[in-house]
Every structure is written in C-alpha cells, then in structure tokens.
Protein chains: 2
Amino acid sequence: MTTRDSEGLIEDRARELEDALRAKGVRITRQRAALIEVLSRAEDHPDATELHRRAQDIDASVSLSTVYRTLSVLEQQNVVHRHAFEGAPARFEPADAPHHDHIIDIETGDVLEFHNERIEKLQAEIAAELGYEVVRHRLELYCRKRKG
Amino acid sequence: MTTRDSEGLIEDRARELEDALRAKGVRITRQRAALIEVLSRAEDHPDATELHRRAQDIDASVSLSTVYRTLSVLEQQNVVHRHAFEGAPARFEPADAPHHDHIIDIETGDVLEFHNERIEKLQAEIAAELGYEVVRHRLELYCRKRKG
DNA sequence: CTATCTGCAAACCCTTTGCAGACCA
DNA sequence: TGGTCTGCAAAGGGTTTGCAGATAG
C-alpha cells in the first residue's frame with residue numbers, strides 16, 4: 001500500500017465519521033472536522049493539549065476549549081475513549097479499535113495495548129460473585145522494560 | 001470481642017505505627033497523630049476532605065494542607081495507599097491490608113475489594129511477553145448492582 | 001433563520017507550595 | 001536549640017463554563 005492510499009483511507013474514515021455524526025444530529029464545524037481528522041490519523045494516545053496542537057496545524061482557529069468540548073461530544077457518541085492514567089492529563093484514542101487494556105512504560109510514558117480474554121472473563125466472574133455486573137473496567141500495567 | 005477490645009487494638013496499631021515512623025525519622029506531631037488515628041480506624045476508602053473532617057474531630061487544629069502533606073509522607077513510607085478512581089478525588093486506605101483490587105459501585109460510589117491470583121499471574125505473563133516487568137498495576141471494575 | 005457552536009477569559013476543583021511562626025526530638 | 005512541621009493564603013494544572021458573537025443546516 002502506498003502512502004497515498006493510506007492517506008486516502010484515513011480521509012475516508014474521517015468523512016464517514018462526520019456523516020455518522022451528522023446523522024445523529026451533531027454539527028460538523030470547521031473546528032470539529034479538524035479534530036476528527038487529527039483523531040483519524042492518531043496512532044498513539046495524545047492528550048488534549050497535543051490534540052489541540054495538531055488540530056491547529058489544520059485550522060489555526062481551533063481553541064483548547066473547543067477541543068475539550070468536542071472530545072466530550074465524541075466520547076458521548078462513543079467515537080473516542082478517554083483514559084486517565086496515573087498522575088497525568090487524560091489521553092484519548094479513537095474508539096474504533098477493538099477493546100484493549102494498557103501497559104504504561106513508567107520511564108518513557110509510552111503506551112502499549114494488549115487484550116486478554118481470560119482476564120476479561122475472570123473480571124466478570126468476580127463481579128458476578130459479589131452481585132455486580134461490570135459496566136466498564138480499567139486495567140493498567142505500569143511497567144519497566146526488562147534488562148537483557 | 002467487645003467494642004472496648006477492638007478500640008484497644010486500633011489504638012495499639014496506631015501507637016505501633018507512630019513508633020515505626022519515629023524510628024524512620026518521621027516526627028509525630030499532634031496533627032499527624034490525629035491522622036494516623038483516623039487511618040487506623042478507617043475501614044473504608046475516604047478522600048482527603050473526609051480524612052480532614054475526621055481528623056478535626058480529634059484535633060480541630062488540623063488543616064487540609066497538613067492532611068495532604070502527611071498523606072504524602074505516609075504514602076512514601078508505604079503506610080497508606082492512594083487510589084485515583086475515575087473522575088473523583090483520590091481516596092486513601094491503610095497499606096497494611098494484603099494486596100487487592102477494587103470494585104467501584106458506579107451508582108453509590110461504594111468500594112469493594114477483591115483479589116484474584118490468576119489475574120495477577122496473567123498480568124505478569126502478558127507484560128513479560130512484551131519485554132516488560134510490572135512495577136504496579138491498577139485494576140478497577142466499575143460496576144452496577146445486579147437486579148434480582 | 002435560529003439553535004448550536006465558538007473563542008476568550010474567568011471559574012472550578014483538587015492538590016501543592018511559600019512563608020513566617022510553632023513545635024518535636 | 002535546630003531543623004521540621006504547621007496554618008494560612010495564594011498559586012498550580014487540567015478541565016469546564018458564561019458570555020456575546022459566529023455559523024451549520
């Protein structure tokens with residue numbers, strides 16, 4: 001796949017997202033389009049300030065408040081997920097990736113993703129035993145790279 | 001066991017803690033003693049404001065800043081654990097309980113504890129596969145009570 | 001057209017900090 | 001007594017909000 005193709009795919013995804021949102025009655029403003037574009041491109045877990053910075057490269061008028069407000073809207077629409085890792089501003093990622101948990105490198109701040117079905121099941125079982133159902137969970141492994 | 005006995009045990013625990021801290025060079029002031037007393041009695045997961053309220057019942061001079069400062073000291077000394085649950089001020093608990101994770105009732109804010117050895121092991125395995133070792137982790141199940 | 005969205009600046013909330021005085025060891 | 005600890009008030013940092021003007025549909 002060429003770069004040109006993947007650019008095209010990202011833009012397609014952004015357009016689809018916009019249409020889906022419009023269909024739900026969410027207005028797509030220049031600022032929101034810029035943020036959606038940025039989120040569609042994001043392969044990491046940027047915080048609001050970083051998203052703001054990136055969005056401004058597309059449309060310099062985007063303000064930080066609008067980034068926050070739009071992120072709230074997108075979160076409600078289940079388009080992005082918000083992660084509040086320890087002692088750091090919240091970080092965001094597109095919600096279209098399959099469910100996963102996070103490993104945070106405590107030395108670099110890098111974030112890796114993983115998924116383990118057995119852990120998911122065990123969580124549900126544990127909650128059920130106590131008379132609860134899991135609505136959402138948070139599993140974060142704060143790790144250090146192994147020497148070797 | 002009578003109430004009088006358990007009161008006695010709690011006070012003993014508080015005294016032991018104070019002595020251990022003094023041995024490590026930590027000064028035990030009136031305010032710190034009050035907070036240690038409160039923590040020794042706590043069977044829940046209070047936040048700083050609530051700890052402040054309770055400490056003031058023992059010694060009205062305790063300020064919120066001192067509560068925060070002392071909590072930091074106690075956390076460094078591994079005497080309390082700090083938990084930053086989603087969208088809420090940090091909550092604290094004595095560190096003498098065995099390791100456990102938390103279930104948070106999203107309707108009431110209640111916090112339950114659980115421990116599952118299999119999950120612990122799986123976490124370590126997952127991290128190891130990616131070349132990491134787990135320094136600490138955070139597993140929180142945000143739950144709703146089951147109907148029935 | 002008009003309800004919704006925006007930028008700006010100010011407010012918010014929890015937490016931390018600088019300072020001058022208090023107090024533990 | 002000396003170094004630490006305290007209360008107070010003010011600042012910090014991320015996030016939210018009130019407002020008057022701009023704009024999507």
# chains A, B, ... in the order shown; residues from 1 in each chain; ligands from 1
call {"tool": "interface_residues", "arguments": {"of": "chain A", "to": "chain B", "cutoff": "9 Å", "atoms": "only C-alpha atoms", "output": "tab-separated table (two decimals) with C-alpha atoms, in the first residue's frame"}}
result
chain	number	residue	atom	x	y	z
A	84	ALA	CA	-6.97	8.92	32.78
A	86	GLU	CA	-1.94	7.99	36.85
A	87	GLY	CA	-0.78	11.50	37.57
A	103	ILE	CA	0.71	-1.09	29.53
A	105	ASP	CA	6.11	2.40	30.43
A	106	ILE	CA	6.82	4.30	33.63
A	114	PHE	CA	-2.98	-5.67	24.91
A	115	HIS	CA	-6.04	-7.81	25.20
A	116	ASN	CA	-6.59	-10.97	27.17
A	118	ARG	CA	-9.20	-14.82	30.15
A	119	ILE	CA	-8.72	-11.71	32.24
A	122	LEU	CA	-12.33	-13.55	35.27
A	123	GLN	CA	-13.35	-9.96	35.92
A	124	ALA	CA	-16.96	-10.68	35.01
A	126	ILE	CA	-15.53	-11.94	40.19
A	127	ALA	CA	-18.08	-9.17	39.90
A	128	ALA	CA	-20.93	-11.63	39.45
A	130	LEU	CA	-20.34	-10.23	44.52
A	131	GLY	CA	-23.66	-9.46	42.89
A	132	TYR	CA	-22.41	-6.90	40.39
A	133	GLU	CA	-22.14	-6.58	36.66
A	134	VAL	CA	-19.14	-4.84	35.13
A	135	VAL	CA	-20.13	-1.72	33.22
A	136	ARG	CA	-16.57	-0.80	32.32
A	137	HIS	CA	-13.16	-1.51	33.72
A	138	ARG	CA	-9.71	-0.17	33.82
A	139	LEU	CA	-6.66	-2.37	33.74
A	140	GLU	CA	-3.34	-0.64	33.55
A	141	LEU	CA	0.06	-2.21	34.00
A	142	TYR	CA	2.72	0.29	34.99
A	143	CYS	CA	5.85	-1.38	33.77
A	144	ARG	CA	9.56	-1.08	33.28
A	145	LYS	CA	11.49	-2.56	30.35
A	146	ARG	CA	13.29	-5.73	31.28
A	147	LYS	CA	17.01	-5.78	31.15
call {"tool": "interface_residues", "arguments": {"of": "chain D", "to": "chain B", "cutoff": "8 Å", "atoms": "only C-alpha atoms (C1' of nucleotides)", "output": "list in words"}}
result
DT4, DC5, DT6 and DG7 of chain D
call {"tool": "residues_around", "arguments": {"residues": "DT17 in chain C", "least_positions_apart": "5", "cutoff": "10 Å", "atoms": "only C-alpha atoms (C1' of nucleotides)", "output": "short mmCIF file (atom, residue, chain, number, x, y, z; two decimals) with all heavy atoms, in the first residue's frame"}}
result
data_model
loop_
_atom_site.label_atom_id
_atom_site.label_comp_id
_atom_site.auth_asym_id
_atom_site.auth_seq_id
_atom_site.Cartn_x
_atom_site.Cartn_y
_atom_site.Cartn_z
N SER B 65 -4.15 21.26 54.33
CA SER B 65 -2.80 21.14 53.74
C SER B 65 -1.98 20.12 54.49
O SER B 65 -1.23 19.35 53.88
CB SER B 65 -2.04 22.47 53.75
OG SER B 65 -2.85 23.54 54.04
P DA D 10 -4.62 35.38 49.69
OP1 DA D 10 -5.22 36.69 49.99
OP2 DA D 10 -5.49 34.29 49.20
"O5'" DA D 10 -3.42 35.55 48.67
"C5'" DA D 10 -2.10 35.10 49.03
"C4'" DA D 10 -1.55 34.14 47.98
"O4'" DA D 10 -1.80 32.77 48.40
"C3'" DA D 10 -2.17 34.27 46.59
"O3'" DA D 10 -1.11 34.32 45.64
"C2'" DA D 10 -3.02 33.00 46.44
"C1'" DA D 10 -2.19 32.02 47.27
N9 DA D 10 -2.93 30.83 47.72
C8 DA D 10 -4.20 30.78 48.24
N7 DA D 10 -4.59 29.56 48.55
C5 DA D 10 -3.51 28.76 48.21
C6 DA D 10 -3.30 27.38 48.29
N6 DA D 10 -4.21 26.52 48.77
N1 DA D 10 -2.10 26.91 47.86
C2 DA D 10 -1.20 27.77 47.38
N3 DA D 10 -1.28 29.10 47.25
C4 DA D 10 -2.48 29.53 47.69
P DA D 11 -1.34 34.41 44.11
OP1 DA D 11 -0.47 35.50 43.64
OP2 DA D 11 -2.80 34.43 43.87
"O5'" DA D 11 -0.76 33.04 43.54
"C5'" DA D 11 0.56 32.65 43.91
"C4'" DA D 11 0.81 31.24 43.43
"O4'" DA D 11 -0.09 30.33 44.11
"C3'" DA D 11 0.57 31.04 41.94
"O3'" DA D 11 1.60 30.20 41.47
"C2'" DA D 11 -0.81 30.36 41.89
"C1'" DA D 11 -0.76 29.52 43.16
N9 DA D 11 -2.05 29.15 43.74
C8 DA D 11 -3.12 29.96 44.01
N7 DA D 11 -4.14 29.33 44.55
C5 DA D 11 -3.70 28.01 44.67
C6 DA D 11 -4.32 26.84 45.17
N6 DA D 11 -5.56 26.83 45.68
N1 DA D 11 -3.62 25.70 45.12
C2 DA D 11 -2.38 25.72 44.60
N3 DA D 11 -1.69 26.76 44.10
C4 DA D 11 -2.42 27.88 44.17
P DG D 12 1.89 30.02 39.91
OP1 DG D 12 3.23 30.53 39.64
OP2 DG D 12 0.71 30.53 39.16
"O5'" DG D 12 1.94 28.44 39.79
"C5'" DG D 12 1.41 27.67 40.82
"C4'" DG D 12 1.26 26.25 40.35
"O4'" DG D 12 0.10 25.74 41.01
"C3'" DG D 12 1.02 26.09 38.85
"O3'" DG D 12 1.75 24.97 38.40
"C2'" DG D 12 -0.49 25.91 38.73
"C1'" DG D 12 -0.91 25.38 40.10
N9 DG D 12 -2.15 25.94 40.63
C8 DG D 12 -2.51 27.26 40.73
N7 DG D 12 -3.69 27.43 41.28
C5 DG D 12 -4.13 26.14 41.55
C6 DG D 12 -5.33 25.69 42.15
O6 DG D 12 -6.27 26.36 42.57
N1 DG D 12 -5.37 24.31 42.23
C2 DG D 12 -4.38 23.46 41.81
N2 DG D 12 -4.60 22.17 41.97
N3 DG D 12 -3.26 23.86 41.27
C4 DG D 12 -3.19 25.21 41.16
#
call {"tool": "interface_residues", "arguments": {"of": "chain C", "to": "chain A", "cutoff": "9 Å", "atoms": "only C-alpha atoms (C1' of nucleotides)", "output": "PyMOL selection string"}}
result
chain C and resi 4-7
call {"tool": "write_last_selection", "arguments": {"atoms": "C-alpha atoms (C1' of nucleotides)", "output": "PDB file, in the first residue's frame"}}
result
ATOM      1  C1'  DT C   4     -25.897  25.248  18.206  1.00  0.00           C
ATOM      2  C1'  DC C   5     -21.176  26.173  18.279  1.00  0.00           C
ATOM      3  C1'  DT C   6     -17.088  29.102  19.017  1.00  0.00           C
ATOM      4  C1'  DG C   7     -13.067  31.868  21.307  1.00  0.00           C
TER       5       DG C   7
END
call {"tool": "select_by_dssp", "arguments": {"residues": "range 19-144 of chain B", "states": "alpha helix (DSSP H)", "output": "ChimeraX atom specification"}}
result
/B:19-23,30-41,48-58,64-76,117-129
call {"tool": "write_last_selection", "arguments": {"atoms": "N, CA and C atoms", "output": "short mmCIF file (atom, residue, chain, number, x, y, z; two decimals), in the first residue's frame"}}
result
data_model
loop_
_atom_site.label_atom_id
_atom_site.label_comp_id
_atom_site.auth_asym_id
_atom_site.auth_seq_id
_atom_site.Cartn_x
_atom_site.Cartn_y
_atom_site.Cartn_z
N ASP B 19 5.47 4.62 66.36
CA ASP B 19 6.83 4.25 66.75
C ASP B 19 7.67 3.88 65.53
N ALA B 20 7.06 3.11 64.65
CA ALA B 20 7.79 2.70 63.45
C ALA B 20 8.21 3.92 62.64
N LEU B 21 7.28 4.90 62.56
CA LEU B 21 7.58 6.10 61.79
C LEU B 21 8.69 6.91 62.46
N ARG B 22 8.58 7.05 63.79
CA ARG B 22 9.61 7.79 64.54
C ARG B 22 10.97 7.15 64.31
N ALA B 23 10.97 5.81 64.31
CA ALA B 23 12.22 5.09 64.11
C ALA B 23 12.82 5.41 62.75
N ARG B 30 1.03 16.45 66.85
CA ARG B 30 -0.37 16.26 67.23
C ARG B 30 -1.20 15.96 65.99
N GLN B 31 -0.99 16.77 64.95
CA GLN B 31 -1.79 16.64 63.73
C GLN B 31 -1.57 15.28 63.06
N ARG B 32 -0.33 14.88 63.01
CA ARG B 32 -0.04 13.59 62.38
C ARG B 32 -0.62 12.45 63.18
N ALA B 33 -0.54 12.57 64.50
CA ALA B 33 -1.11 11.52 65.36
C ALA B 33 -2.61 11.40 65.11
N ALA B 34 -3.26 12.55 64.96
CA ALA B 34 -4.70 12.53 64.71
C ALA B 34 -5.01 11.79 63.40
N LEU B 35 -4.23 12.10 62.37
CA LEU B 35 -4.48 11.47 61.08
C LEU B 35 -4.20 9.97 61.14
N ILE B 36 -3.15 9.61 61.82
CA ILE B 36 -2.81 8.19 61.95
C ILE B 36 -3.93 7.45 62.67
N GLU B 37 -4.47 8.10 63.70
CA GLU B 37 -5.60 7.52 64.44
C GLU B 37 -6.78 7.29 63.49
N VAL B 38 -7.08 8.32 62.72
CA VAL B 38 -8.19 8.23 61.77
C VAL B 38 -7.97 7.10 60.77
N LEU B 39 -6.77 7.03 60.25
CA LEU B 39 -6.47 5.99 59.27
C LEU B 39 -6.54 4.60 59.89
N SER B 40 -6.11 4.49 61.13
CA SER B 40 -6.15 3.19 61.79
C SER B 40 -7.58 2.70 61.97
N ARG B 41 -8.49 3.66 62.13
CA ARG B 41 -9.89 3.31 62.31
C ARG B 41 -10.61 3.07 60.99
N ALA B 48 -9.30 12.92 50.87
CA ALA B 48 -8.57 13.81 51.76
C ALA B 48 -9.51 14.69 52.59
N THR B 49 -10.57 15.16 51.97
CA THR B 49 -11.52 16.03 52.66
C THR B 49 -12.18 15.29 53.82
N GLU B 50 -12.56 14.05 53.55
CA GLU B 50 -13.20 13.25 54.59
C GLU B 50 -12.21 12.94 55.72
N LEU B 51 -10.99 12.64 55.37
CA LEU B 51 -9.97 12.39 56.39
C LEU B 51 -9.75 13.64 57.23
N HIS B 52 -9.78 14.78 56.55
CA HIS B 52 -9.62 16.05 57.24
C HIS B 52 -10.75 16.24 58.25
N ARG B 53 -11.96 15.99 57.78
CA ARG B 53 -13.13 16.11 58.66
C ARG B 53 -12.96 15.23 59.90
N ARG B 54 -12.60 13.98 59.66
CA ARG B 54 -12.47 13.04 60.78
C ARG B 54 -11.32 13.43 61.71
N ALA B 55 -10.23 13.90 61.12
CA ALA B 55 -9.08 14.27 61.95
C ALA B 55 -9.43 15.47 62.82
N GLN B 56 -10.24 16.36 62.28
CA GLN B 56 -10.61 17.54 63.05
C GLN B 56 -11.47 17.20 64.26
N ASP B 57 -12.17 16.08 64.20
CA ASP B 57 -12.93 15.65 65.37
C ASP B 57 -12.00 15.30 66.51
N ILE B 58 -10.79 14.90 66.18
CA ILE B 58 -9.81 14.54 67.20
C ILE B 58 -9.01 15.78 67.60
N LEU B 64 -6.26 21.20 56.13
CA LEU B 64 -6.31 20.33 54.97
C LEU B 64 -4.92 20.18 54.33
N SER B 65 -4.15 21.26 54.33
CA SER B 65 -2.80 21.14 53.74
C SER B 65 -1.98 20.12 54.49
N THR B 66 -2.10 20.12 55.80
CA THR B 66 -1.33 19.16 56.58
C THR B 66 -1.80 17.74 56.30
N VAL B 67 -3.09 17.58 56.10
CA VAL B 67 -3.60 16.26 55.74
C VAL B 67 -2.93 15.79 54.44
N TYR B 68 -2.92 16.67 53.45
CA TYR B 68 -2.28 16.30 52.18
C TYR B 68 -0.80 16.03 52.37
N ARG B 69 -0.13 16.92 53.12
CA ARG B 69 1.30 16.73 53.31
C ARG B 69 1.60 15.44 54.04
N THR B 70 0.81 15.16 55.07
CA THR B 70 1.06 13.96 55.84
C THR B 70 0.74 12.71 55.02
N LEU B 71 -0.31 12.79 54.22
CA LEU B 71 -0.63 11.64 53.37
C LEU B 71 0.52 11.33 52.42
N SER B 72 1.16 12.37 51.92
CA SER B 72 2.31 12.15 51.04
C SER B 72 3.43 11.43 51.78
N VAL B 73 3.68 11.91 53.01
CA VAL B 73 4.71 11.26 53.82
C VAL B 73 4.36 9.80 54.07
N LEU B 74 3.12 9.56 54.46
CA LEU B 74 2.71 8.19 54.78
C LEU B 74 2.72 7.30 53.54
N GLU B 75 2.44 7.92 52.39
CA GLU B 75 2.48 7.13 51.17
C GLU B 75 3.92 6.73 50.86
N GLN B 76 4.82 7.69 51.02
CA GLN B 76 6.23 7.40 50.78
C GLN B 76 6.75 6.33 51.74
N GLU B 117 -5.64 -14.37 42.26
CA GLU B 117 -4.27 -14.72 41.96
C GLU B 117 -4.05 -15.01 40.47
N ARG B 118 -5.09 -15.56 39.85
CA ARG B 118 -4.93 -15.89 38.43
C ARG B 118 -4.75 -14.64 37.58
N ILE B 119 -5.54 -13.61 37.93
CA ILE B 119 -5.40 -12.36 37.20
C ILE B 119 -4.01 -11.78 37.39
N GLU B 120 -3.53 -11.82 38.63
CA GLU B 120 -2.20 -11.29 38.90
C GLU B 120 -1.16 -11.97 38.01
N LYS B 121 -1.27 -13.29 37.95
CA LYS B 121 -0.28 -14.05 37.17
C LYS B 121 -0.37 -13.72 35.70
N LEU B 122 -1.60 -13.66 35.20
CA LEU B 122 -1.80 -13.35 33.78
C LEU B 122 -1.18 -12.00 33.44
N GLN B 123 -1.34 -11.06 34.33
CA GLN B 123 -0.78 -9.73 34.08
C GLN B 123 0.74 -9.81 33.91
N ALA B 124 1.37 -10.53 34.82
CA ALA B 124 2.82 -10.65 34.76
C ALA B 124 3.25 -11.34 33.47
N GLU B 125 2.49 -12.34 33.07
CA GLU B 125 2.83 -13.08 31.84
C GLU B 125 2.72 -12.18 30.61
N ILE B 126 1.63 -11.43 30.57
CA ILE B 126 1.40 -10.55 29.43
C ILE B 126 2.52 -9.53 29.29
N ALA B 127 2.87 -8.93 30.42
CA ALA B 127 3.94 -7.93 30.41
C ALA B 127 5.25 -8.58 29.97
N ALA B 128 5.55 -9.75 30.51
CA ALA B 128 6.80 -10.45 30.20
C ALA B 128 6.90 -10.72 28.70
N GLU B 129 5.80 -11.13 28.11
CA GLU B 129 5.80 -11.42 26.67
C GLU B 129 6.20 -10.19 25.85
#
call {"tool": "atom_distance", "arguments": {"atom1": "CA of Phe92 in chain A", "atom2": "C1' of DA9 in chain C"}}
result
25.7 Å
